[in-house]
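Engineer: Structure file structure.pdb (PDB, N, CA and C atoms) is given on the next line.
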```pdb
ATOM      1  N   MET L  33      54.780  78.110 130.006
ATOM      2  CA  MET L  33      53.739  77.135 130.255
ATOM      3  C   MET L  33      54.203  76.236 131.403
ATOM      4  N   LEU L  34      53.355  76.047 132.378
ATOM      5  CA  LEU L  34      53.690  75.219 133.526
ATOM      6  C   LEU L  34      53.952  73.780 133.085
ATOM      7  N   GLY L  35      55.007  73.195 133.605
ATOM      8  CA  GLY L  35      55.329  71.817 133.270
ATOM      9  C   GLY L  35      56.148  71.665 132.004
ATOM     10  N   ARG L  36      56.553  72.764 131.428
ATOM     11  CA  ARG L  36      57.341  72.701 130.196
ATOM     12  C   ARG L  36      58.579  73.586 130.326
ATOM     13  N   ALA L  37      59.662  73.142 129.765
ATOM     14  CA  ALA L  37      60.880  73.933 129.684
ATOM     15  C   ALA L  37      61.523  73.618 128.351
ATOM     16  N   ALA L  38      61.687  74.622 127.540
ATOM     17  CA  ALA L  38      62.278  74.439 126.209
ATOM     18  C   ALA L  38      61.552  73.354 125.421
ATOM     19  N   SER L  39      60.235  73.337 125.486
ATOM     20  CA  SER L  39      59.379  72.397 124.757
ATOM     21  C   SER L  39      59.568  70.951 125.170
ATOM     22  N   ARG L  40      60.126  70.722 126.341
ATOM     23  CA  ARG L  40      60.297  69.363 126.863
ATOM     24  C   ARG L  40      59.672  69.305 128.244
ATOM     25  N   PRO L  41      59.245  68.132 128.688
ATOM     26  CA  PRO L  41      58.747  68.015 130.057
ATOM     27  C   PRO L  41      59.819  68.445 131.052
ATOM     28  N   VAL L  42      59.405  69.011 132.157
ATOM     29  CA  VAL L  42      60.340  69.483 133.170
ATOM     30  C   VAL L  42      61.277  68.371 133.610
ATOM     31  N   GLY L  43      60.776  67.156 133.752
ATOM     32  CA  GLY L  43      61.622  66.048 134.174
ATOM     33  C   GLY L  43      62.790  65.824 133.247
ATOM     34  N   GLU L  44      62.535  65.834 131.949
ATOM     35  CA  GLU L  44      63.619  65.650 130.991
ATOM     36  C   GLU L  44      64.585  66.826 131.044
ATOM     37  N   PHE L  45      64.057  68.033 131.169
ATOM     38  CA  PHE L  45      64.901  69.223 131.276
ATOM     39  C   PHE L  45      65.818  69.109 132.491
ATOM     40  N   PHE L  46      65.264  68.663 133.620
ATOM     41  CA  PHE L  46      66.059  68.485 134.827
ATOM     42  C   PHE L  46      67.141  67.442 134.634
ATOM     43  N   LEU L  47      66.777  66.310 134.057
ATOM     44  CA  LEU L  47      67.750  65.236 133.864
ATOM     45  C   LEU L  47      68.876  65.669 132.944
ATOM     46  N   ARG L  48      68.533  66.331 131.864
ATOM     47  CA  ARG L  48      69.548  66.704 130.887
ATOM     48  C   ARG L  48      70.341  67.938 131.309
ATOM     49  N   GLY L  49      69.685  68.932 131.859
ATOM     50  CA  GLY L  49      70.368  70.171 132.194
ATOM     51  C   GLY L  49      70.764  70.276 133.648
ATOM     52  N   GLY L  50      69.910  69.816 134.536
ATOM     53  CA  GLY L  50      70.148  69.985 135.957
ATOM     54  C   GLY L  50      70.980  68.888 136.567
ATOM     55  N   LEU L  51      70.742  67.655 136.169
ATOM     56  CA  LEU L  51      71.483  66.529 136.737
ATOM     57  C   LEU L  51      72.913  66.570 136.226
ATOM     58  N   GLY L  52      73.087  66.374 134.969
ATOM     59  CA  GLY L  52      74.380  66.499 134.321
ATOM     60  C   GLY L  52      75.524  65.796 135.019
ATOM     61  N   ALA L  53      76.689  65.953 134.460
ATOM     62  CA  ALA L  53      77.882  65.294 134.966
ATOM     63  C   ALA L  53      78.274  65.796 136.351
ATOM     64  N   ARG L  54      77.916  67.040 136.701
ATOM     65  CA  ARG L  54      78.277  67.584 138.017
ATOM     66  C   ARG L  54      77.691  66.738 139.135
ATOM     67  N   ALA L  55      76.456  66.338 138.998
ATOM     68  CA  ALA L  55      75.762  65.624 140.069
ATOM     69  C   ALA L  55      76.133  64.150 140.140
ATOM     70  N   VAL L  56      76.653  63.599 139.064
ATOM     71  CA  VAL L  56      76.935  62.161 139.049
ATOM     72  C   VAL L  56      78.426  61.858 138.923
ATOM     73  N   ALA L  57      79.261  62.817 139.251
ATOM     74  CA  ALA L  57      80.705  62.644 139.075
ATOM     75  C   ALA L  57      81.226  61.390 139.769
ATOM     76  N   ALA L  58      80.721  61.076 140.955
ATOM     77  CA  ALA L  58      81.208  59.910 141.695
ATOM     78  C   ALA L  58      80.235  58.734 141.645
ATOM     79  N   ALA L  59      79.146  58.867 140.923
ATOM     80  CA  ALA L  59      78.132  57.816 140.879
ATOM     81  C   ALA L  59      78.562  56.674 139.959
ATOM     82  N   GLU L  60      78.145  55.468 140.318
ATOM     83  CA  GLU L  60      78.399  54.307 139.471
ATOM     84  C   GLU L  60      77.218  54.020 138.560
ATOM     85  N   ALA L  61      76.050  54.557 138.888
ATOM     86  CA  ALA L  61      74.840  54.392 138.080
ATOM     87  C   ALA L  61      73.837  55.443 138.519
ATOM     88  N   ALA L  62      72.808  55.640 137.696
ATOM     89  CA  ALA L  62      71.716  56.556 138.034
ATOM     90  C   ALA L  62      70.404  55.800 137.863
ATOM     91  N   ALA L  63      69.402  56.181 138.640
ATOM     92  CA  ALA L  63      68.089  55.537 138.550
ATOM     93  C   ALA L  63      67.011  56.580 138.326
ATOM     94  N   ILE L  64      66.086  56.243 137.449
ATOM     95  CA  ILE L  64      64.884  57.044 137.231
ATOM     96  C   ILE L  64      63.753  56.188 137.784
ATOM     97  N   VAL L  65      63.173  56.614 138.902
ATOM     98  CA  VAL L  65      62.229  55.773 139.624
ATOM     99  C   VAL L  65      60.857  56.444 139.692
ATOM    100  N   CYS L  66      59.873  55.810 139.079
ATOM    101  CA  CYS L  66      58.467  56.219 139.178
ATOM    102  C   CYS L  66      58.279  57.725 139.062
ATOM    103  N   THR L  67      58.732  58.290 137.956
ATOM    104  CA  THR L  67      58.706  59.738 137.787
ATOM    105  C   THR L  67      57.611  60.247 136.859
ATOM    106  N   ASN L  68      56.820  59.358 136.274
ATOM    107  CA  ASN L  68      55.864  59.738 135.244
ATOM    108  C   ASN L  68      56.596  60.366 134.055
ATOM    109  N   LEU L  69      57.802  59.896 133.837
ATOM    110  CA  LEU L  69      58.669  60.357 132.763
ATOM    111  C   LEU L  69      59.059  59.126 131.950
ATOM    112  N   ALA L  70      59.124  59.272 130.659
ATOM    113  CA  ALA L  70      59.521  58.147 129.813
ATOM    114  C   ALA L  70      61.022  57.926 129.934
ATOM    115  N   GLY L  71      61.457  57.516 131.116
ATOM    116  CA  GLY L  71      62.875  57.369 131.414
ATOM    117  C   GLY L  71      63.569  56.297 130.601
ATOM    118  N   ALA L  72      62.880  55.230 130.293
ATOM    119  CA  ALA L  72      63.501  54.149 129.522
ATOM    120  C   ALA L  72      63.972  54.653 128.164
ATOM    121  N   ALA L  73      63.190  55.477 127.529
ATOM    122  CA  ALA L  73      63.556  56.012 126.218
ATOM    123  C   ALA L  73      64.703  57.022 126.317
ATOM    124  N   LEU L  74      64.847  57.657 127.469
ATOM    125  CA  LEU L  74      65.928  58.622 127.675
ATOM    126  C   LEU L  74      67.228  57.952 128.105
ATOM    127  N   ALA L  75      67.152  56.738 128.612
ATOM    128  CA  ALA L  75      68.313  56.064 129.191
ATOM    129  C   ALA L  75      69.522  56.008 128.258
ATOM    130  N   PRO L  76      69.392  55.591 126.995
ATOM    131  CA  PRO L  76      70.590  55.502 126.155
ATOM    132  C   PRO L  76      71.319  56.840 125.995
ATOM    133  N   ALA L  77      70.588  57.906 125.761
ATOM    134  CA  ALA L  77      71.220  59.223 125.596
ATOM    135  C   ALA L  77      71.854  59.696 126.894
ATOM    136  N   LEU L  78      71.171  59.465 128.015
ATOM    137  CA  LEU L  78      71.733  59.859 129.305
ATOM    138  C   LEU L  78      72.966  59.036 129.636
ATOM    139  N   GLU L  79      72.947  57.745 129.306
ATOM    140  CA  GLU L  79      74.120  56.901 129.534
ATOM    141  C   GLU L  79      75.318  57.414 128.730
ATOM    142  N   ALA L  80      75.080  57.793 127.487
ATOM    143  CA  ALA L  80      76.155  58.317 126.649
ATOM    144  C   ALA L  80      76.677  59.640 127.201
ATOM    145  N   GLU L  81      75.784  60.485 127.652
ATOM    146  CA  GLU L  81      76.151  61.801 128.177
ATOM    147  C   GLU L  81      76.887  61.694 129.512
ATOM    148  N   LEU L  82      76.398  60.827 130.395
ATOM    149  CA  LEU L  82      76.940  60.749 131.748
ATOM    150  C   LEU L  82      78.056  59.714 131.904
ATOM    151  N   GLY L  83      78.100  58.740 131.001
ATOM    152  CA  GLY L  83      79.125  57.713 131.070
ATOM    153  C   GLY L  83      78.889  56.660 132.147
ATOM    154  N   ILE L  84      77.642  56.531 132.599
ATOM    155  CA  ILE L  84      77.278  55.522 133.601
ATOM    156  C   ILE L  84      75.952  54.895 133.190
ATOM    157  N   PRO L  85      75.642  53.702 133.692
ATOM    158  CA  PRO L  85      74.334  53.102 133.396
ATOM    159  C   PRO L  85      73.211  53.941 134.015
ATOM    160  N   VAL L  86      72.105  54.021 133.302
ATOM    161  CA  VAL L  86      70.901  54.703 133.792
ATOM    162  C   VAL L  86      69.784  53.674 133.789
ATOM    163  N   TYR L  87      69.249  53.392 134.964
ATOM    164  CA  TYR L  87      68.225  52.373 135.116
ATOM    165  C   TYR L  87      66.872  53.019 135.384
ATOM    166  N   ASP L  88      65.935  52.792 134.487
ATOM    167  CA  ASP L  88      64.556  53.245 134.662
ATOM    168  C   ASP L  88      63.784  52.146 135.360
ATOM    169  N   SER L  89      62.942  52.507 136.331
ATOM    170  CA  SER L  89      62.239  51.492 137.118
ATOM    171  C   SER L  89      61.326  50.618 136.254
ATOM    172  N   VAL L  90      60.701  51.183 135.250
ATOM    173  CA  VAL L  90      59.838  50.386 134.369
ATOM    174  C   VAL L  90      60.687  49.428 133.533
ATOM    175  N   ALA L  91      61.802  49.919 133.007
ATOM    176  CA  ALA L  91      62.676  49.075 132.188
ATOM    177  C   ALA L  91      63.254  47.926 133.004
ATOM    178  N   VAL L  92      63.685  48.208 134.217
ATOM    179  CA  VAL L  92      64.265  47.164 135.054
ATOM    180  C   VAL L  92      63.207  46.128 135.436
ATOM    181  N   SER L  93      61.985  46.580 135.681
ATOM    182  CA  SER L  93      60.896  45.647 135.985
ATOM    183  C   SER L  93      60.609  44.739 134.792
ATOM    184  N   LEU L  94      60.595  45.315 133.597
ATOM    185  CA  LEU L  94      60.386  44.516 132.393
ATOM    186  C   LEU L  94      61.542  43.542 132.190
ATOM    187  N   TRP L  95      62.779  44.006 132.388
ATOM    188  CA  TRP L  95      63.945  43.143 132.246
ATOM    189  C   TRP L  95      63.822  41.917 133.159
ATOM    190  N   LYS L  96      63.462  42.137 134.419
ATOM    191  CA  LYS L  96      63.363  41.019 135.363
ATOM    192  C   LYS L  96      62.194  40.102 135.003
ATOM    193  N   ALA L  97      61.070  40.666 134.594
ATOM    194  CA  ALA L  97      59.924  39.843 134.195
ATOM    195  C   ALA L  97      60.286  38.954 133.012
ATOM    196  N   MET L  98      61.002  39.508 132.047
ATOM    197  CA  MET L  98      61.418  38.714 130.892
ATOM    198  C   MET L  98      62.392  37.626 131.321
ATOM    199  N   ASP L  99      63.303  37.965 132.217
ATOM    200  CA  ASP L  99      64.262  36.988 132.727
ATOM    201  C   ASP L  99      63.536  35.832 133.420
ATOM    202  N   LEU L 100      62.585  36.156 134.277
ATOM    203  CA  LEU L 100      61.824  35.129 134.997
ATOM    204  C   LEU L 100      60.988  34.260 134.059
ATOM    205  N   ALA L 101      60.523  34.863 132.958
ATOM    206  CA  ALA L 101      59.705  34.133 131.989
ATOM    207  C   ALA L 101      60.551  33.345 130.997
ATOM    208  N   GLY L 102      61.867  33.458 131.113
ATOM    209  CA  GLY L 102      62.742  32.742 130.197
ATOM    210  C   GLY L 102      62.871  33.388 128.841
ATOM    211  N   LEU L 103      62.495  34.655 128.735
ATOM    212  CA  LEU L 103      62.596  35.390 127.471
ATOM    213  C   LEU L 103      63.930  36.123 127.416
ATOM    214  N   ASP L 104      64.376  36.454 126.227
ATOM    215  CA  ASP L 104      65.649  37.129 126.048
ATOM    216  C   ASP L 104      65.471  38.643 126.144
ATOM    217  N   PRO L 105      65.898  39.265 127.246
ATOM    218  CA  PRO L 105      65.758  40.717 127.380
ATOM    219  C   PRO L 105      66.531  41.496 126.320
ATOM    220  N   ALA L 106      67.534  40.889 125.703
ATOM    221  CA  ALA L 106      68.305  41.578 124.673
ATOM    222  C   ALA L 106      67.456  41.906 123.447
ATOM    223  N   ALA L 107      66.259  41.332 123.366
ATOM    224  CA  ALA L 107      65.359  41.637 122.249
ATOM    225  C   ALA L 107      64.833  43.071 122.338
ATOM    226  N   ILE L 108      64.906  43.682 123.526
ATOM    227  CA  ILE L 108      64.450  45.067 123.711
ATOM    228  C   ILE L 108      65.606  45.991 123.361
ATOM    229  N   THR L 109      65.365  46.936 122.477
ATOM    230  CA  THR L 109      66.399  47.899 122.106
ATOM    231  C   THR L 109      65.926  49.317 122.403
ATOM    232  N   GLY L 110      66.871  50.195 122.627
ATOM    233  CA  GLY L 110      66.561  51.601 122.837
ATOM    234  C   GLY L 110      66.135  51.950 124.249
ATOM    235  N   TRP L 111      66.294  51.023 125.185
ATOM    236  CA  TRP L 111      65.908  51.291 126.574
ATOM    237  C   TRP L 111      67.102  51.221 127.512
ATOM    238  N   GLY L 112      68.288  51.333 126.997
ATOM    239  CA  GLY L 112      69.470  51.407 127.831
ATOM    240  C   GLY L 112      70.250  50.121 127.959
ATOM    241  N   SER L 113      71.363  50.237 128.656
ATOM    242  CA  SER L 113      72.326  49.135 128.755
ATOM    243  C   SER L 113      71.837  47.962 129.583
ATOM    244  N   VAL L 114      70.798  48.164 130.379
ATOM    245  CA  VAL L 114      70.267  47.041 131.168
ATOM    246  C   VAL L 114      69.870  45.887 130.244
ATOM    247  N   PHE L 115      69.429  46.180 129.054
ATOM    248  CA  PHE L 115      69.031  45.137 128.107
ATOM    249  C   PHE L 115      70.194  44.648 127.248
ATOM    250  N   ALA L 116      71.181  45.456 127.047
ATOM    251  CA  ALA L 116      72.285  45.108 126.155
ATOM    252  C   ALA L 116      73.128  43.954 126.683
ATOM    253  N   GLY L 117      73.323  43.897 127.989
ATOM    254  CA  GLY L 117      74.182  42.858 128.545
ATOM    255  C   GLY L 117      73.450  41.634 129.001
ATOM    256  N   ALA L 118      72.185  41.527 128.663
ATOM    257  CA  ALA L 118      71.369  40.418 129.147
ATOM    258  C   ALA L 118      71.769  39.106 128.531
TER     259      ALA L 118
END
```
Output the structure of this file as structure tokens.
Structural biologist:
Amino acid sequence: MLGRAASRPVGEFFLRGGLGARAVAAAEAAAIVCTNLAGAALAPALEAELGIPVYDSVAVSLWKAMDLAGLDPAAITGWGSVFAGA
């Protein structure tokens, strides 16, 4: 089926199987930018797998909006380390 690989969206398949540690060996962080992929929800697992922070553009935008509004971004869980250290 077009757009699917192993019952997952192609984007997730690429991130998990294609990107992997080989592509990010020297990287300090990875970004998922405007991909039409639920990257924020994938960030924690990818961070654990790759050993680097993974920043989703939607999550980072929300983090900054909360910061500007004086809200505690640490209230958001499951969207990666960007919220954990807030």
Engineer: Please determine, counting only C-alpha atoms, which residue among L:Gly110, L:Pro85, L:Pro76, L:Pro105 has the shortest atom-to-atom distance to Ala62 in chain L.
Structural biologist: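 Selected residue with least distance to Ala62 in chain L: L:Pro85.
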Engineer: Please provide as a PyMOL selection string all residues within 7 Å of Gly112 in chain L, with the sequence filter that same-chain residues fewer than 6 positions apart are discarded (counting all atoms listed in the file).
Structural biologist: chain L and resi 72-77+86
Engineer: Of the residues L:Tyr87, L:Leu94, L:Glu79, L:Ala116, which is the one nearest to Ile64 in chain L, using only N, CA and C atoms?
Structural biologist: L:Tyr87
Engineer: In Å, with one decimal, what is the gap from atom C of Ile84 in chain L to CA of Asp104 in chain L?
Structural biologist: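 Distance between the two atoms: 21.7 Å.
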Engineer: Could you jot down the CA of Leu82 in chain L to atom C of Ser113 in chain L separation for me, Å, one decimal place?
Structural biologist: 13.9 Å
Engineer: Any idea what the distance is between CA of Ser89 in chain L and CA of Ala61 in chain L?
Structural biologist: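 Interatomic distance here is 13.0 Å.
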